[in-house]
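Data block for upload_13.txt (compact mmCIF, C-alpha atoms):
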```txt
# COMPACT_ATOMS: atom_id res chain seq x y z
CA MET A 15 -14.81 5.92 37.47
CA PRO A 16 -17.95 3.76 37.89
CA GLU A 17 -20.86 4.90 35.75
CA PRO A 18 -23.31 5.06 38.70
CA PHE A 19 -21.40 8.11 39.95
CA LEU A 20 -22.13 9.90 36.69
CA ILE A 21 -25.80 8.95 37.01
CA ARG A 22 -25.87 10.23 40.58
CA TYR A 23 -24.31 13.48 39.40
CA LEU A 24 -26.61 13.98 36.41
CA GLN A 25 -29.77 13.80 38.51
CA PRO A 26 -29.10 16.87 40.70
CA LEU A 27 -27.32 18.58 37.81
CA LEU A 28 -30.45 18.47 35.65
CA ALA A 29 -32.47 19.68 38.62
CA GLY A 30 -30.11 22.58 39.30
CA ARG A 31 -29.31 21.40 42.83
CA ARG A 32 -25.92 23.05 43.20
CA ALA A 33 -25.13 22.03 46.76
CA GLU A 34 -25.86 18.37 46.06
CA CYS A 35 -23.55 18.39 43.02
CA PHE A 36 -20.79 20.09 44.99
CA ASP A 37 -21.16 17.62 47.86
CA LEU A 38 -20.99 14.62 45.52
CA VAL A 39 -17.75 15.85 44.01
CA ALA A 40 -16.25 16.83 47.37
CA ASP A 41 -17.06 13.38 48.78
CA ALA A 42 -15.46 11.71 45.76
CA CYS A 43 -12.28 13.73 46.27
CA ARG A 44 -12.19 12.94 49.98
CA THR A 45 -12.50 9.21 49.29
CA GLY A 46 -9.55 9.23 46.91
CA THR A 47 -10.98 9.78 43.45
CA ALA A 48 -8.43 11.63 41.34
CA PRO A 49 -9.52 15.13 40.28
CA GLN A 50 -8.61 14.43 36.65
CA ASP A 51 -10.90 11.38 36.69
CA ILE A 52 -13.80 13.52 37.89
CA VAL A 53 -13.06 16.09 35.20
CA CYS A 54 -12.76 13.53 32.39
CA ASP A 55 -15.37 10.97 33.46
CA VAL A 56 -18.02 13.12 35.15
CA VAL A 57 -17.85 16.81 34.25
CA TRP A 58 -16.95 16.25 30.58
CA PRO A 59 -19.63 13.62 29.75
CA ALA A 60 -22.20 15.54 31.79
CA MET A 61 -21.37 18.65 29.75
CA ASN A 62 -21.89 16.69 26.53
CA GLN A 63 -25.18 15.26 27.73
CA ILE A 64 -26.56 18.63 28.74
CA GLU A 65 -25.61 20.07 25.36
CA ARG A 66 -27.23 17.12 23.58
CA LEU A 67 -30.44 17.36 25.63
CA TYR A 68 -30.68 21.07 24.91
CA ARG A 69 -30.03 20.59 21.21
CA ASP A 70 -32.79 17.96 21.10
CA ASP A 71 -35.25 20.27 22.95
CA ARG A 72 -35.48 17.87 25.90
CA ILE A 73 -34.53 20.59 28.39
CA ASN A 74 -35.17 24.31 28.31
CA THR A 75 -32.78 27.23 28.45
CA ALA A 76 -33.06 27.68 32.20
CA VAL A 77 -32.06 24.08 32.91
CA GLU A 78 -29.26 24.25 30.37
CA HIS A 79 -27.88 27.44 31.92
CA MET A 80 -28.03 26.12 35.49
CA ALA A 81 -26.33 22.84 34.60
CA CYS A 82 -23.60 24.50 32.58
CA ARG A 83 -22.77 26.93 35.36
CA ILE A 84 -22.64 24.16 37.96
CA ASN A 85 -20.28 22.21 35.74
CA ARG A 86 -18.07 25.24 35.22
CA THR A 87 -17.86 26.00 38.94
CA ILE A 88 -16.82 22.41 39.65
CA ALA A 89 -14.26 22.48 36.83
CA ASP A 90 -12.82 25.68 38.35
CA GLN A 91 -12.54 24.03 41.77
CA LEU A 92 -10.93 20.86 40.42
CA GLN A 93 -8.39 22.75 38.34
CA ALA A 94 -6.48 23.78 41.44
CA GLN A 95 -6.29 20.13 42.57
CA LEU A 96 -4.90 18.65 39.36
CA PRO A 97 -1.41 17.18 39.85
CA ARG A 98 1.28 19.03 37.90
CA ASP A 99 3.75 17.29 35.64
CA GLU A 100 7.13 18.73 34.78
CA ARG A 101 7.21 21.34 32.05
CA THR A 102 7.41 19.80 28.59
CA GLY A 103 8.47 22.97 26.78
CA LYS A 104 5.45 22.63 24.51
CA ARG A 105 2.87 25.37 24.00
CA ALA A 106 -0.82 25.15 23.12
CA LEU A 107 -3.20 27.88 22.02
CA VAL A 108 -6.77 26.91 22.96
CA ALA A 109 -9.78 28.53 21.30
CA SER A 110 -13.45 27.64 21.14
CA ALA A 111 -16.69 28.40 19.41
CA ASP A 112 -19.01 30.89 21.07
CA GLY A 113 -21.23 29.37 23.74
CA ALA A 114 -21.03 28.36 27.38
CA HIS A 115 -20.58 24.64 26.68
CA GLU A 116 -17.87 25.29 24.11
CA GLU A 117 -15.98 27.60 26.48
CA LEU A 118 -16.25 25.01 29.25
CA GLY A 119 -14.93 22.23 27.02
CA ALA A 120 -12.02 24.38 25.94
CA GLN A 121 -11.31 25.38 29.55
CA ILE A 122 -11.23 21.73 30.65
CA LEU A 123 -8.74 20.92 27.90
CA ALA A 124 -6.65 23.96 28.77
CA ASP A 125 -6.55 22.84 32.42
CA LEU A 126 -5.56 19.27 31.51
CA PHE A 127 -2.86 20.37 29.05
CA GLN A 128 -1.43 22.75 31.64
CA ALA A 129 -1.41 20.03 34.30
CA ASN A 130 0.41 17.80 31.81
CA GLY A 131 3.25 20.31 31.58
CA TRP A 132 2.22 22.36 28.55
CA GLU A 133 2.31 26.14 28.52
CA VAL A 134 -1.27 27.07 27.64
CA PHE A 135 -2.76 30.23 26.18
CA PHE A 136 -6.55 30.04 26.54
CA VAL A 137 -8.50 32.59 24.47
CA GLY A 138 -11.93 30.95 24.48
CA GLY A 139 -14.59 32.02 22.00
CA GLY A 140 -15.46 35.19 20.13
CA VAL A 141 -11.87 36.12 19.24
CA PRO A 142 -11.48 37.54 15.70
CA ASP A 143 -9.53 35.33 13.32
CA ASP A 144 -6.85 37.94 12.72
CA GLU A 145 -6.17 38.08 16.47
CA VAL A 146 -5.93 34.29 16.66
CA LEU A 147 -3.50 34.44 13.74
CA ALA A 148 -1.47 37.09 15.55
CA MET A 149 -1.30 34.96 18.70
CA VAL A 150 -0.11 31.99 16.67
CA GLY A 151 2.71 34.13 15.32
CA GLN A 152 3.51 35.56 18.74
CA HIS A 153 3.63 32.31 20.74
CA ASN A 154 4.59 29.71 18.09
CA PRO A 155 2.55 26.92 19.69
CA GLU A 156 3.03 23.28 18.84
CA VAL A 157 -0.76 22.90 18.79
CA LEU A 158 -3.73 25.11 18.03
CA LEU A 159 -6.64 23.39 19.78
CA ILE A 160 -10.14 24.37 18.70
CA PHE A 161 -13.09 23.12 20.74
CA GLY A 162 -16.47 22.98 19.07
CA ALA A 163 -18.11 24.57 16.12
CA HIS A 164 -21.73 25.06 15.21
CA PRO A 165 -22.63 23.77 11.74
CA GLU A 166 -22.96 27.29 10.37
CA ALA A 167 -19.51 28.19 11.71
CA VAL A 168 -17.65 25.35 9.96
CA PRO A 169 -16.75 27.48 6.89
CA ASN A 170 -15.20 30.10 9.18
CA THR A 171 -13.14 27.45 10.97
CA ARG A 172 -11.96 26.11 7.63
CA ALA A 173 -11.10 29.64 6.50
CA LEU A 174 -9.07 30.26 9.67
CA ILE A 175 -7.01 27.10 9.16
CA GLU A 176 -6.49 27.92 5.48
CA ARG A 177 -5.41 31.44 6.34
CA ILE A 178 -2.89 30.18 8.90
CA ARG A 179 -1.46 27.79 6.30
CA ASP A 180 -1.45 30.36 3.50
CA VAL A 181 0.31 32.99 5.57
CA GLY A 182 2.86 30.38 6.62
CA VAL A 183 2.94 31.46 10.25
CA CYS A 184 4.19 28.71 12.57
CA PRO A 185 4.36 26.11 9.76
CA TYR A 186 5.17 23.22 12.12
CA MET A 187 2.05 23.78 14.26
CA ASN A 188 -0.66 21.11 14.28
CA VAL A 189 -4.35 22.02 14.41
CA VAL A 190 -6.41 19.69 16.60
CA VAL A 191 -10.19 19.95 16.81
CA THR A 192 -12.74 18.39 19.14
CA GLY A 193 -16.26 18.90 20.41
CA GLY A 194 -19.37 20.27 18.74
CA ILE A 195 -20.00 19.31 15.14
CA PHE A 196 -16.52 17.75 14.91
CA ASN A 197 -17.64 14.92 17.21
CA ARG A 198 -20.90 14.40 15.34
CA ALA A 199 -19.72 14.47 11.72
CA ASP A 200 -17.14 11.79 10.97
CA GLY A 201 -14.30 13.02 8.81
CA LEU A 202 -15.27 16.70 8.99
CA TRP A 203 -11.94 17.52 10.62
CA ARG A 204 -10.16 16.28 7.51
CA GLU A 205 -12.36 18.36 5.23
CA ILE A 206 -11.54 21.60 7.04
CA GLY A 207 -7.80 20.92 7.00
CA ALA A 208 -7.17 20.02 10.65
CA ASP A 209 -4.37 17.60 11.50
CA ALA A 210 -6.16 15.52 14.15
CA CYS A 211 -9.44 15.14 15.98
CA GLY A 212 -10.43 13.55 19.26
CA GLU A 213 -13.64 13.05 21.18
CA HIS A 214 -12.54 12.50 24.77
CA PRO A 215 -10.10 14.79 26.63
CA ARG A 216 -7.65 11.96 27.37
CA GLU A 217 -7.57 11.10 23.67
CA VAL A 218 -7.02 14.72 22.68
CA LEU A 219 -4.13 15.09 25.13
CA GLU A 220 -2.55 11.79 24.14
CA THR A 221 -2.75 12.65 20.45
CA ALA A 222 -1.31 16.13 20.97
CA ASN A 223 1.62 14.63 22.88
CA GLU A 224 2.30 12.10 20.14
CA LEU A 225 1.93 14.36 17.10
CA PRO A 226 5.23 15.08 15.37
CA PRO A 227 5.84 18.62 14.09
CA ARG A 228 3.59 19.23 11.12
CA THR A 229 4.97 19.12 7.60
CA PRO A 230 3.03 20.38 4.58
CA ASN A 231 0.85 17.73 2.94
CA ALA A 232 1.72 15.15 5.62
CA PRO A 233 -0.87 12.44 6.32
CA ARG A 234 -3.15 13.57 9.10
CA LEU A 235 -3.73 11.50 12.21
CA GLY A 236 -7.10 10.97 13.80
CA ILE A 237 -8.84 9.22 16.62
CA VAL A 238 -11.51 6.65 15.94
CA LYS A 239 -14.83 7.85 17.32
CA LYS A 240 -15.93 5.99 20.41
CA ARG A 241 -19.52 5.32 19.35
CA ARG A 242 -19.95 2.70 22.03
CA ARG A 243 -19.07 5.30 24.65
CA ARG A 244 -21.59 7.70 23.14
CA ARG A 245 -24.38 5.12 23.22
CA ARG A 246 -23.46 4.31 26.83
CA GLU A 247 -23.63 7.98 27.80
CA GLN A 248 -27.04 8.32 26.13
CA ALA A 249 -28.26 5.40 28.19
CA LEU A 250 -26.98 7.11 31.32
CA VAL A 251 -29.01 10.22 30.53
CA ALA A 252 -32.13 8.10 30.02
CA THR A 253 -31.50 6.57 33.45
CA ALA A 254 -30.99 9.98 35.03
CA ASP A 255 -34.19 11.30 33.47
CA ALA A 256 -36.18 8.36 34.86
```
This entry written out as structure tokens:
Amino acid sequence: MPEPFLIRYLQPLLAGRRAECFDLVADACRTGTAPQDIVCDVVWPAMNQIERLYRDDRINTAVEHMACRINRTIADQLQAQLPRDERTGKRALVASADGAHEELGAQILADLFQANGWEVFFVGGGVPDDEVLAMVGQHNPEVLLIFGAHPEAVPNTRALIERIRDVGVCPYMNVVVTGGIFNRADGLWREIGADACGEHPREVLETANELPPRTPNAPRLGIVKKRRRRRREQALVATADA
């Protein structure tokens, strides 16, 4: 999708102009833009930019809350329009760190995986580790997908992965992480014992589809960070702020 559309969307999003954001997206759908392209190329990068602006104290809590809720409403509306692929027989358990942005990122991935034919169990954030472990044992997913972690929560994420491995539940399951500190700290996903990491939703989905069943001590796959994309998105925010 052309970058100017993202710029046009960021401007009312940062201003909290809900109706204008909804109209932009509705017009894009009416003129033939695929819903998954809007999700991946507009809602997702806008979500990341809002989180980055808030983290850098360039917007306040009120602006952050308004923008996040607009994004989530649009993601909810687009979910029903995503084309459905045939069932793959694969299952994914999707969890996230606590926080509105993290829940939204995980929801977007859950929607895209489901549209791709996966059976998805979306638990979001704030679920105790022992309950996540129990769900892994109950559903035997091919992938446990974790969106986002705050720096102080990294040890807990590492402990969860280690506990899953130590218990031996669902030994062929891959753990894929994305978002939050995982996208900012190169190689962190390896340090915590994950099997793969991706930055963009299309990359995460592609990697999950290509991952073979996990074997103990197997080399882990990863996705090269798209730093050029990140710099481009930062430039878009600067343009939207102007």
(request) Name all residues at most 12 Å from Pro142 (chain A) (count all atoms listed in the file; drop same-chain ones fewer than 6 positions away) and give them as a list in words. (result) Ala109, Ser110, Ala111, Asp112, Ala148, Met149, Asn170, Thr171 and Leu174 of chain A
(request) Counting all atoms listed in the file, figure out which residue out of A:Met80, A:Val157, A:Ile175, A:Ala29 gets nearest to Asp144 (chain A). (result)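 Closest candidate: A:Ile175.
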(request) Go ahead and compute the interatomic distance for CA of Asp55 (chain A) and CA of Phe196 (chain A), in Å to one decimal. (result) 19.8 Å
(request) Take CA of Thr47 (chain A) and CA of Ala106 (chain A) and report the distance between them in Å, one decimal. (result) 27.4 Å
(request) Figure out the distance between CA of Ala163 (chain A) and CA of Arg198 (chain A), please, to one decimal in Å. (result)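 Taking CA of Arg198 (chain A) as the start and CA of Ala163 (chain A) as the end point, the length is 10.6 Å.
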Considering all atoms listed in the file, give me a table of residues in region 119-205 of chain A that are at most 9 Å from region 60-71 of chain A, with the closest atom pair and distance in Å for each, as a tab-separated table.
```
residue	atom	partner	partner_atom	distance
A:Gly119	CA	A:Met61	CA	7.9
A:Gly193	CA	A:Asn62	CA	8.6
A:Gly194	CA	A:Asn62	CA	8.9
```
Using all atoms listed in the file, can you list as a CSV table (one decimal) with C-alpha atoms, in the frame of the given file the residues within 12 Å of (2.8, 15.0, 41.3)?
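The result, stored in part.csv:
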```
chain,number,residue,atom,x,y,z
A,48,ALA,CA,-8.4,11.6,41.3
A,95,GLN,CA,-6.3,20.1,42.6
A,96,LEU,CA,-4.9,18.6,39.4
A,97,PRO,CA,-1.4,17.2,39.8
A,98,ARG,CA,1.3,19.0,37.9
A,99,ASP,CA,3.8,17.3,35.6
A,100,GLU,CA,7.1,18.7,34.8
A,129,ALA,CA,-1.4,20.0,34.3
A,130,ASN,CA,0.4,17.8,31.8
A,131,GLY,CA,3.2,20.3,31.6
```
(request) Name the closest residue to Arg177 (chain A) among the candidates A:Val56, A:Leu107, A:Val150, A:Leu92; distances are taken between atoms, counting all atoms listed in the file. (result)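 Once distances to Arg177 (chain A) are computed over all atoms listed in the file, the minimum belongs to A:Val150.
Remark: for Ile160 (chain A), the closest of the candidate residues A:Val108, A:Ala40, A:Met187, A:Leu202 is A:Val108 (distances computed over all atoms listed in the file).
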